[in-house]
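One structure is given below, encoded as structure tokens.
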Amino acid sequence: MKRLENNLKYTFKDKQLLLNALSHSSYANEKHLKYGSNERLEFLGDAVLSIIVADYLYKYFSDKPEGELTKLRASLVCEKSLCQFSRQLEIGEFLLLGKGEEQNGGRERNSILADAFEAVLAAIYLDDGMEIARQHVLRFITEELSHTEDEAFHDYKTTLQEVIQRNPEERLSYVLTGESGPDHNKSFTVDVMLNSNVIGSGTGKTKKSAEQMAAKDALKLMGIEQ
């Protein structure tokens, strides 16, 4: 548990809260735990996460309308993002699972990891309040935001395609040229090609976002700022 607290950069005053947050329903049912599973904490954590992210986006993007903020919030708190955060913290290694769930690979299941991230967040909130919970969430959200902001608000690939279509004989293609990092935190590099020439390059946490960044780079080289 001490290693997990080190990963969280937070030491619990009430260790039972952390234990509860790590107790999957399969384990709680198998062991007949009096304090139950982490499902109630997950419920609370979902609400705490939502208000922290909404508050941050409202202040950070003061010029964006509600629809764009909603889209960006959804990209930041989706299961894919939350299980990635959970893997960065290595929460899966500390989960308490029933025998069946353990055998079926529950420790690596995206939904379980995402739920556990929310449960641990709720435990931090109950142990030390909203401000500490906010600091915990923003560790991940601000980094993820740098990768998703452009993708959420701009479609550079479509803009580039519209530019190139003015010359029907020209052909665009995107080529994956590199990837690095562990499975839970990969980075991809993509080149965008005009016929056989590289006209832009980009890096992102997904191939899709890397393609968007490559298209943005190509547009910039063409003198078309977005």
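Ligands are numbered from 1 in the order shown, residues from 1 within each chain, and chains are lettered A, B, ... in the order they appear in the structure tokens.
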
> Quick one: residues within 10 Å of Ile199 in chain A, only C-alpha atoms counted, chain neighbours fewer than 5 positions away excluded, as a list in words?
Replying inline: Leu172, Asp191, Val192, Met193, Leu194, Ala214, Ala215, Asp217, Ala218, Leu219, Lys220, Leu221 and Met222 of chain A

Which residues of range 34-110 of chain A have any atom within 9 Å of an atom in range 133-142 of chain A when counting only C-alpha atoms, and what is the closest pair of atoms for each, with the distance in Å to one decimal? Order the rows by chain and rising number and write it as a Markdown table.
```
| residue | atom | partner | partner_atom | distance |
| --- | --- | --- | --- | --- |
| A:Val48 | CA | A:Ala133 | CA | 8.1 |
| A:Leu49 | CA | A:Val137 | CA | 7.2 |
| A:Ile52 | CA | A:Arg134 | CA | 6.1 |
| A:Val53 | CA | A:Ile141 | CA | 7.6 |
| A:Tyr56 | CA | A:Leu138 | CA | 8.6 |
| A:Leu76 | CA | A:Ile141 | CA | 6.8 |
| A:Val77 | CA | A:Ile141 | CA | 8.8 |
| A:Phe85 | CA | A:Phe140 | CA | 6.7 |
```

Tell me which protein, DNA and RNA residues are within 9 Å of Ile124 in chain A, counting only C-alpha atoms, leaving out same-chain ones fewer than 5 positions away, and put them as a PDB file with N, CA and C atoms, in the first residue's frame.
```pdb
ATOM      1  N   TYR A  10       0.187  10.840  -2.135  1.00  0.00           N
ATOM      2  CA  TYR A  10      -0.751  11.168  -1.056  1.00  0.00           C
ATOM      3  C   TYR A  10      -0.726  10.040  -0.028  1.00  0.00           C
ATOM      4  N   PHE A  12      -2.739   8.449   3.127  1.00  0.00           N
ATOM      5  CA  PHE A  12      -4.069   8.440   3.748  1.00  0.00           C
ATOM      6  C   PHE A  12      -3.994   8.493   5.260  1.00  0.00           C
ATOM      7  N   LEU A  17     -10.182   3.726   3.974  1.00  0.00           N
ATOM      8  CA  LEU A  17     -10.758   4.326   2.767  1.00  0.00           C
ATOM      9  C   LEU A  17     -10.056   3.816   1.515  1.00  0.00           C
ATOM     10  N   LEU A  18      -8.737   3.738   1.566  1.00  0.00           N
ATOM     11  CA  LEU A  18      -7.984   3.239   0.421  1.00  0.00           C
ATOM     12  C   LEU A  18      -8.272   1.758   0.205  1.00  0.00           C
ATOM     13  N   ALA A 119     -12.888   5.497  -7.689  1.00  0.00           N
ATOM     14  CA  ALA A 119     -13.044   5.112  -6.285  1.00  0.00           C
ATOM     15  C   ALA A 119     -11.902   5.677  -5.431  1.00  0.00           C
ATOM     16  N   GLY A 129     -10.597  16.206   1.595  1.00  0.00           N
ATOM     17  CA  GLY A 129     -11.323  17.341   1.041  1.00  0.00           C
ATOM     18  C   GLY A 129     -11.126  17.581  -0.451  1.00  0.00           C
ATOM     19  N   MET A 130     -11.886  18.548  -0.950  1.00  0.00           N
ATOM     20  CA  MET A 130     -11.951  18.810  -2.384  1.00  0.00           C
ATOM     21  C   MET A 130     -10.644  19.353  -2.961  1.00  0.00           C
ATOM     22  N   ILE A 132      -7.476  18.828  -2.184  1.00  0.00           N
ATOM     23  CA  ILE A 132      -6.480  17.768  -2.398  1.00  0.00           C
ATOM     24  C   ILE A 132      -6.936  16.866  -3.542  1.00  0.00           C
ATOM     25  N   ALA A 133      -8.236  16.592  -3.599  1.00  0.00           N
ATOM     26  CA  ALA A 133      -8.781  15.791  -4.703  1.00  0.00           C
ATOM     27  C   ALA A 133      -8.555  16.509  -6.031  1.00  0.00           C
ATOM     28  N   HIS A 136      -4.997  16.157  -7.172  1.00  0.00           N
ATOM     29  CA  HIS A 136      -4.775  14.807  -7.681  1.00  0.00           C
ATOM     30  C   HIS A 136      -5.268  14.680  -9.123  1.00  0.00           C
TER      31      HIS A 136
END
```

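Compared by their closest atoms to Glu30 in chain A, and using only C-alpha atoms, the residues A:Gly223, A:Gly98, A:Lys208, A:Tyr174 rank with A:Gly98 nearest.
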
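Per DSSP on the backbone, strand (DSSP E) in range 120-176 of chain A comprises Leu172, Ser173, Tyr174, Val175 and Leu176 of chain A.
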
Output the selection as a PDB file, in the first residue's frame - all heavy atoms for each residue.
```
ATOM      1  N   LEU A 172      -3.167  12.586 -50.626  1.00  0.00           N
ATOM      2  CA  LEU A 172      -2.672  12.635 -49.248  1.00  0.00           C
ATOM      3  C   LEU A 172      -2.664  11.236 -48.643  1.00  0.00           C
ATOM      4  O   LEU A 172      -3.557  10.425 -48.892  1.00  0.00           O
ATOM      5  CB  LEU A 172      -3.580  13.513 -48.385  1.00  0.00           C
ATOM      6  CG  LEU A 172      -3.366  15.022 -48.344  1.00  0.00           C
ATOM      7  CD1 LEU A 172      -4.416  15.644 -47.450  1.00  0.00           C
ATOM      8  CD2 LEU A 172      -1.971  15.376 -47.869  1.00  0.00           C
ATOM      9  N   SER A 173      -1.670  10.968 -47.801  1.00  0.00           N
ATOM     10  CA  SER A 173      -1.654   9.721 -47.032  1.00  0.00           C
ATOM     11  C   SER A 173      -0.938   9.970 -45.713  1.00  0.00           C
ATOM     12  O   SER A 173      -0.133  10.900 -45.591  1.00  0.00           O
ATOM     13  CB  SER A 173      -0.969   8.600 -47.813  1.00  0.00           C
ATOM     14  OG  SER A 173       0.381   8.935 -48.094  1.00  0.00           O
ATOM     15  N   TYR A 174      -1.263   9.149 -44.718  1.00  0.00           N
ATOM     16  CA  TYR A 174      -0.650   9.268 -43.392  1.00  0.00           C
ATOM     17  C   TYR A 174       0.120   7.990 -43.084  1.00  0.00           C
ATOM     18  O   TYR A 174      -0.415   6.880 -43.227  1.00  0.00           O
ATOM     19  CB  TYR A 174      -1.724   9.525 -42.332  1.00  0.00           C
ATOM     20  CG  TYR A 174      -2.371  10.881 -42.474  1.00  0.00           C
ATOM     21  CD1 TYR A 174      -3.440  11.070 -43.360  1.00  0.00           C
ATOM     22  CD2 TYR A 174      -1.903  11.984 -41.771  1.00  0.00           C
ATOM     23  CE1 TYR A 174      -4.028  12.309 -43.525  1.00  0.00           C
ATOM     24  CE2 TYR A 174      -2.486  13.229 -41.921  1.00  0.00           C
ATOM     25  CZ  TYR A 174      -3.541  13.388 -42.796  1.00  0.00           C
ATOM     26  OH  TYR A 174      -4.111  14.624 -42.953  1.00  0.00           O
ATOM     27  N   VAL A 175       1.365   8.137 -42.678  1.00  0.00           N
ATOM     28  CA  VAL A 175       2.245   6.986 -42.455  1.00  0.00           C
ATOM     29  C   VAL A 175       2.761   7.005 -41.019  1.00  0.00           C
ATOM     30  O   VAL A 175       3.353   7.996 -40.575  1.00  0.00           O
ATOM     31  CB  VAL A 175       3.440   7.014 -43.439  1.00  0.00           C
ATOM     32  CG1 VAL A 175       4.355   5.817 -43.180  1.00  0.00           C
ATOM     33  CG2 VAL A 175       2.956   7.028 -44.888  1.00  0.00           C
ATOM     34  N   LEU A 176       2.526   5.910 -40.304  1.00  0.00           N
ATOM     35  CA  LEU A 176       3.069   5.774 -38.946  1.00  0.00           C
ATOM     36  C   LEU A 176       4.579   5.547 -39.040  1.00  0.00           C
ATOM     37  O   LEU A 176       5.032   4.579 -39.652  1.00  0.00           O
ATOM     38  CB  LEU A 176       2.399   4.595 -38.234  1.00  0.00           C
ATOM     39  CG  LEU A 176       2.866   4.317 -36.804  1.00  0.00           C
ATOM     40  CD1 LEU A 176       2.499   5.458 -35.875  1.00  0.00           C
ATOM     41  CD2 LEU A 176       2.276   3.001 -36.309  1.00  0.00           C
TER      42      LEU A 176
END
```

> Can you tell me, as JSON, numbers by chain, what residues are no more than 12 Å from Glu42 in chain A when counting only C-alpha atoms, ignoring any on the same chain fewer than 4 positions away?
Replying inline: {"A": [20, 21, 22, 23, 24, 25, 37, 38, 46, 47, 48, 49, 111, 112, 113, 114, 115, 116, 117, 118, 119, 120, 121, 122, 123, 124, 125]}

>> I want to know what sits within 8 Å of Gly100 in chain A, based on only C-alpha atoms, with residues of the same chain fewer than 3 positions away left out; could you give that as JSON, numbers by chain?
In response: {"A": [26, 103, 104]}

Just the selected residues (N, CA and C atoms), exported as a short mmCIF file (atom, residue, chain, number, x, y, z; two decimals), in the first residue's frame, please.
```
data_model
loop_
_atom_site.label_atom_id
_atom_site.label_comp_id
_atom_site.auth_asym_id
_atom_site.auth_seq_id
_atom_site.Cartn_x
_atom_site.Cartn_y
_atom_site.Cartn_z
N SER A 26 -16.34 -8.42 -6.72
CA SER A 26 -16.12 -9.87 -6.69
C SER A 26 -15.40 -10.29 -5.41
N GLN A 103 -8.67 -14.64 -12.26
CA GLN A 103 -8.33 -15.61 -13.30
C GLN A 103 -8.74 -15.12 -14.69
N ASN A 104 -9.77 -14.29 -14.76
CA ASN A 104 -10.26 -13.78 -16.04
C ASN A 104 -9.59 -12.47 -16.47
#
```

>> Neighbouring residues of Arg3 in chain A were defined as those with any atom within 10 Å, considering only C-alpha atoms; residues of the same chain fewer than 5 positions away were excluded. Please report them as an NGL selection string.
In response: :A and (8-9 or 89-90 or 94)

>> Give me the residues near Glu169 in chain A as number ranges by chain, where near means some atom within 10 Å (using only C-alpha atoms) and where sequence neighbours in that chain fewer than 4 positions away do not count.
In response: A: 164-165, 195

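With only C-alpha atoms as the atoms that count, the minimum distance from Ser86 in chain A to the choices A:Leu145, A:Leu4, A:Leu126, A:Leu57 is reached by A:Leu4.
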
> Out of range 13-223 of chain A, which residues get helix (DSSP H, G or I) from DSSP, as a PyMOL selection string?
Replying inline: chain A and resi 15-21+25-31+39-60+66-76+79-89+91-94+99-103+106-108+110-128+130-153+156-164+183-185+207-221

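Distance check against Gly106 in chain A using only C-alpha atoms: of A:Tyr58, A:Tyr156, A:Tyr27, A:Tyr35, the minimum falls on A:Tyr27.
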
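Between Leu95 in chain A and the residues A:Asp55, A:Glu143, A:Met1, A:Glu66, the shortest atom-to-atom distance, using only C-alpha atoms, involves A:Met1.
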
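Taking CA of Lys186 in chain A and CA of Lys2 in chain A as the two end points, the separation is 26.7 Å.
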
> For the atom pair CA of Gln161 in chain A and CA of Ser209 in chain A, what is the interatomic distance in Å to one decimal place?
Replying inline: 16.0 Å
